Every structure is written in structure tokens, then in C-alpha cells.
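Note sheet for the following structure.
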Amino acid sequence: IDDYCICEVLMLAAKSLDYIDSNFMLDISHMGLISSLFNAANINKDITPMFLKAISEKNLPELLNLCDNQKLSQSWINILTNLITMYGPISEISKKLDVFSVDSETESSVNEIITLASMLESFNLSDKIQIDFSVVNDMYYYNGFVFKGYISSIPFGILSGGQYDSLVKKMGKNAKGLGFALYLDMLERLFTENEVFDADVCIHYEK
């Protein structure tokens, strides 16, 4: 799975959403970057699910409370806070990711995002794909890009996917995995007619 494979899957996800509704958005994150930041900050592995939950909910007060409990420095607090506050088109946010390059592992993940942003921009998709680090998944399964897809007419994500090399290895396979699912049950909402308010009697009265 190289950069082009990742770009190709994201393009297929974007095209799938576009077929359903041209007013769509694909939000992407990178579990490898988040995991590497947790390791570099020496965050206790037993606590990482709580950090992930705070990030996924964009719960800044809870994140700050966890940082305080872990006695993290202000520089680390600033870095982890950016995981919640940094959001926008991939072409713009990719230029601000240097703040996360604290070692070779995080730098590698940052470079992956920057490369992907450049490729998507060449296919005129960068305005429909946004970086949102609150899109997270199980770090024991997912190790790279993760993403969620939305359309304007449904208030929930209808597409979800990512790179799950860790899961494949847990299954004893010497391979890598990347893909996504489109939730067809969510699409039933597109074909549901809104109920029209109906009444037999209307009583109108003054004060």
C-alpha cells in the first residue's frame, strides 16, 4: 500500500459520495500520527482510550484535564490541543502540520498527509476533503489514514474506512489492508418522505 493506493481509495470514496449527493464532505485523520504523538509524549497506554475519546468529541476541557493528570508540559498540551482545534480543507491544513513533527515517526506521518494533499489537489478533490483529527478509531486495528464521509441530506456519517494493517497482522496475515464501507441502511433516509402535519380540528383562542 503506497501513497497512490491510499489516494486511489480516497478518490473512490469521494466518487461514491458524489454519486449519492454532490454536496458531500470527506473528513480524514491519521491514526499513525496520533499514536506516535501519544508515544512521544509518554502517555500511559491505559489512558490513551480516554485521550482518544476526548479528541473524538472535541472535548477540550477534558483533554486539558487529562494532560494535567499526566503532568504534560505546556508544549505538549499545545500540540495535543491542535488535534482538536485544527480543522479545514486538506490543502490548507497540510501547510500547518509542522507543529506535529516532534520525531522521525510523527514526521513520517506528517509527510504522508502532505503528499496525499498534493495528490488530491492535482485531481481537484482537495476542496471536498478536510482534515479532522477527531475522526479516530481503534489504534490496535488502524495504523494509518482513517476517514468518514458525509452528505448534506443525512445528519450522520454514511461512509467510513481506513488503513487497518494492525488488524490484518492480528489475524496472522503478512499483508496490509485499506478500504471503506458505505452504510446502505443510512441511505434509506434519502427515500423516506417527510410526514406532513395533519389535523382534524384546529382551535384558535385569544388570551
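Convention: chains lettered A, B, ... in C-alpha cells order; per-chain residue numbering from 1; ligands numbered from 1 as shown.
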Exercise for the section: Find the residues near Ile93 (chain A): any atom within 9 Å, counting only C-alpha atoms, skip ones fewer than 6 places away on the same chain, and give them as a count of residues only. Expected result: 4
Counting only C-alpha atoms, what is within 12 Å of Glu188 (chain A), bar same-chain residues fewer than 6 positions away, as a list in words? Ile20, Ser153, Ile154 and Ile158 of chain A
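Going from CA of Ile79 (chain A) over to CA of Asp27 (chain A), you cover 20.2 Å.
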Please report as JSON lines every residue of region 62-180 of chain A lying within 10 Å of region 29-52 of chain A, along with the nearest atom pair and their distance in Å (one decimal), using only C-alpha atoms.
{"residue": "A:Glu62", "atom": "CA", "partner": "A:Phe51", "partner_atom": "CA", "distance": 8.4}
{"residue": "A:Leu63", "atom": "CA", "partner": "A:Phe51", "partner_atom": "CA", "distance": 6.4}
{"residue": "A:Leu64", "atom": "CA", "partner": "A:Phe51", "partner_atom": "CA", "distance": 9.7}
{"residue": "A:Asn65", "atom": "CA", "partner": "A:Phe51", "partner_atom": "CA", "distance": 9.9}
{"residue": "A:Leu66", "atom": "CA", "partner": "A:Phe51", "partner_atom": "CA", "distance": 7.0}
{"residue": "A:Cys67", "atom": "CA", "partner": "A:Phe51", "partner_atom": "CA", "distance": 8.7}
{"residue": "A:Gln70", "atom": "CA", "partner": "A:Ile43", "partner_atom": "CA", "distance": 7.0}
{"residue": "A:Lys71", "atom": "CA", "partner": "A:Ile43", "partner_atom": "CA", "distance": 9.6}
{"residue": "A:Leu72", "atom": "CA", "partner": "A:Ala41", "partner_atom": "CA", "distance": 7.5}
{"residue": "A:Ser73", "atom": "CA", "partner": "A:Ala41", "partner_atom": "CA", "distance": 9.1}
{"residue": "A:Trp76", "atom": "CA", "partner": "A:Ala41", "partner_atom": "CA", "distance": 7.0}
{"residue": "A:Ile77", "atom": "CA", "partner": "A:Ala41", "partner_atom": "CA", "distance": 9.7}
{"residue": "A:Ile79", "atom": "CA", "partner": "A:Leu37", "partner_atom": "CA", "distance": 8.7}
{"residue": "A:Leu80", "atom": "CA", "partner": "A:Leu37", "partner_atom": "CA", "distance": 8.1}
{"residue": "A:Leu83", "atom": "CA", "partner": "A:Ile34", "partner_atom": "CA", "distance": 8.3}
{"residue": "A:Phe100", "atom": "CA", "partner": "A:Leu37", "partner_atom": "CA", "distance": 7.6}
{"residue": "A:Ser101", "atom": "CA", "partner": "A:Leu37", "partner_atom": "CA", "distance": 8.9}
{"residue": "A:Val102", "atom": "CA", "partner": "A:Ala40", "partner_atom": "CA", "distance": 7.7}
{"residue": "A:Asp103", "atom": "CA", "partner": "A:Ala40", "partner_atom": "CA", "distance": 7.6}
{"residue": "A:Ser104", "atom": "CA", "partner": "A:Ser36", "partner_atom": "CA", "distance": 9.4}
{"residue": "A:Glu105", "atom": "CA", "partner": "A:Ser36", "partner_atom": "CA", "distance": 6.2}
{"residue": "A:Thr106", "atom": "CA", "partner": "A:Leu33", "partner_atom": "CA", "distance": 5.4}
{"residue": "A:Glu107", "atom": "CA", "partner": "A:Leu33", "partner_atom": "CA", "distance": 8.3}
{"residue": "A:Ser108", "atom": "CA", "partner": "A:Leu33", "partner_atom": "CA", "distance": 8.3}
{"residue": "A:Ser109", "atom": "CA", "partner": "A:Leu33", "partner_atom": "CA", "distance": 5.3}
{"residue": "A:Val110", "atom": "CA", "partner": "A:Leu33", "partner_atom": "CA", "distance": 7.1}
{"residue": "A:Glu112", "atom": "CA", "partner": "A:His30", "partner_atom": "CA", "distance": 9.2}
{"residue": "A:Ile113", "atom": "CA", "partner": "A:His30", "partner_atom": "CA", "distance": 8.0}
{"residue": "A:Gln130", "atom": "CA", "partner": "A:Ser29", "partner_atom": "CA", "distance": 8.8}
{"residue": "A:Ile131", "atom": "CA", "partner": "A:Ser29", "partner_atom": "CA", "distance": 6.0}
{"residue": "A:Asp132", "atom": "CA", "partner": "A:Ser29", "partner_atom": "CA", "distance": 5.6}
{"residue": "A:Phe133", "atom": "CA", "partner": "A:Ser29", "partner_atom": "CA", "distance": 4.8}
{"residue": "A:Ser134", "atom": "CA", "partner": "A:Ser29", "partner_atom": "CA", "distance": 7.4}
{"residue": "A:Val135", "atom": "CA", "partner": "A:Ser29", "partner_atom": "CA", "distance": 5.7}
{"residue": "A:Val136", "atom": "CA", "partner": "A:Met31", "partner_atom": "CA", "distance": 6.7}
{"residue": "A:Asn137", "atom": "CA", "partner": "A:Met31", "partner_atom": "CA", "distance": 7.4}
{"residue": "A:Asp138", "atom": "CA", "partner": "A:Met31", "partner_atom": "CA", "distance": 8.4}
{"residue": "A:Met139", "atom": "CA", "partner": "A:Met31", "partner_atom": "CA", "distance": 6.5}
{"residue": "A:Tyr140", "atom": "CA", "partner": "A:Ser35", "partner_atom": "CA", "distance": 9.8}
{"residue": "A:Tyr141", "atom": "CA", "partner": "A:Met31", "partner_atom": "CA", "distance": 9.6}
{"residue": "A:Tyr142", "atom": "CA", "partner": "A:Met31", "partner_atom": "CA", "distance": 6.4}
{"residue": "A:Asn143", "atom": "CA", "partner": "A:Gly32", "partner_atom": "CA", "distance": 4.9}
{"residue": "A:Gly144", "atom": "CA", "partner": "A:Gly32", "partner_atom": "CA", "distance": 4.8}
{"residue": "A:Phe145", "atom": "CA", "partner": "A:His30", "partner_atom": "CA", "distance": 4.3}
{"residue": "A:Val146", "atom": "CA", "partner": "A:Ser29", "partner_atom": "CA", "distance": 5.3}
{"residue": "A:Phe147", "atom": "CA", "partner": "A:Ser29", "partner_atom": "CA", "distance": 6.1}
{"residue": "A:Lys148", "atom": "CA", "partner": "A:Ser29", "partner_atom": "CA", "distance": 9.0}
{"residue": "A:Gly162", "atom": "CA", "partner": "A:His30", "partner_atom": "CA", "distance": 8.8}
{"residue": "A:Gln163", "atom": "CA", "partner": "A:Met31", "partner_atom": "CA", "distance": 8.9}
{"residue": "A:Tyr164", "atom": "CA", "partner": "A:Met31", "partner_atom": "CA", "distance": 9.9}
Practice problem: Apply DSSP to the backbone of this structure and, from region 39-197 of chain A, keep only the residues in strand (DSSP E or B); write these as a ChimeraX atom specification. | Solution: /A:87-89,129-132,145-151,159-163,178-182
Take the residues that were just selected and, keeping C-alpha atoms, output them as an mmCIF file, in the first residue's frame.
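Saved the output as part_25.cif:
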data_model
loop_
_atom_site.group_PDB
_atom_site.id
_atom_site.type_symbol
_atom_site.label_atom_id
_atom_site.label_comp_id
_atom_site.auth_asym_id
_atom_site.auth_seq_id
_atom_site.Cartn_x
_atom_site.Cartn_y
_atom_site.Cartn_z
ATOM 1 C CA TYR A 87 -9.740 21.550 11.042
ATOM 2 C CA GLY A 88 -10.236 22.553 7.416
ATOM 3 C CA PRO A 89 -9.506 21.741 3.764
ATOM 4 C CA ILE A 129 -11.683 16.558 1.607
ATOM 5 C CA GLN A 130 -10.933 18.018 5.013
ATOM 6 C CA ILE A 131 -8.532 17.145 7.805
ATOM 7 C CA ASP A 132 -10.328 16.445 11.052
ATOM 8 C CA PHE A 145 -5.319 7.126 7.425
ATOM 9 C CA VAL A 146 -8.903 6.869 8.663
ATOM 10 C CA PHE A 147 -11.833 8.742 7.144
ATOM 11 C CA LYS A 148 -15.574 9.393 7.287
ATOM 12 C CA GLY A 149 -17.921 10.571 4.563
ATOM 13 C CA TYR A 150 -20.963 12.808 4.878
ATOM 14 C CA ILE A 151 -23.693 14.173 2.606
ATOM 15 C CA LEU A 159 -19.140 6.119 4.800
ATOM 16 C CA SER A 160 -16.248 5.002 6.967
ATOM 17 C CA GLY A 161 -12.854 3.467 6.283
ATOM 18 C CA GLY A 162 -9.134 3.477 6.793
ATOM 19 C CA GLN A 163 -5.867 1.571 6.793
ATOM 20 C CA LEU A 178 -7.139 -0.453 3.232
ATOM 21 C CA GLY A 179 -10.782 0.095 2.390
ATOM 22 C CA PHE A 180 -14.117 1.572 3.360
ATOM 23 C CA ALA A 181 -17.764 0.721 3.890
ATOM 24 C CA LEU A 182 -20.829 2.569 2.623
#
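Between Glu8 (chain A) and the residues A:Ile28, A:Leu187, A:Ile84, A:Leu116, the shortest atom-to-atom distance, using only C-alpha atoms, involves A:Leu116.
Taking CA of Asp18 (chain A) as the reference point, CA of Glu57 (chain A) is found at 26.7 Å.
For the atom pair formed by CA of Thr81 (chain A) and CA of Asn59 (chain A), the distance is 9.8 Å, given to one decimal.
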key: alpha helix (DSSP H) call set, DSSP backbone run, chain A, as a PyMOL selection string   = chain A and resi 3-20+31-40+48-56+60-69+74-85+90-93+104-122+165-170+184-187
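Distances to Asp127 (chain A) were evaluated for A:Leu26, A:Leu60, A:Leu10, A:Cys5 using only C-alpha atoms, and the minimum falls at A:Leu26.
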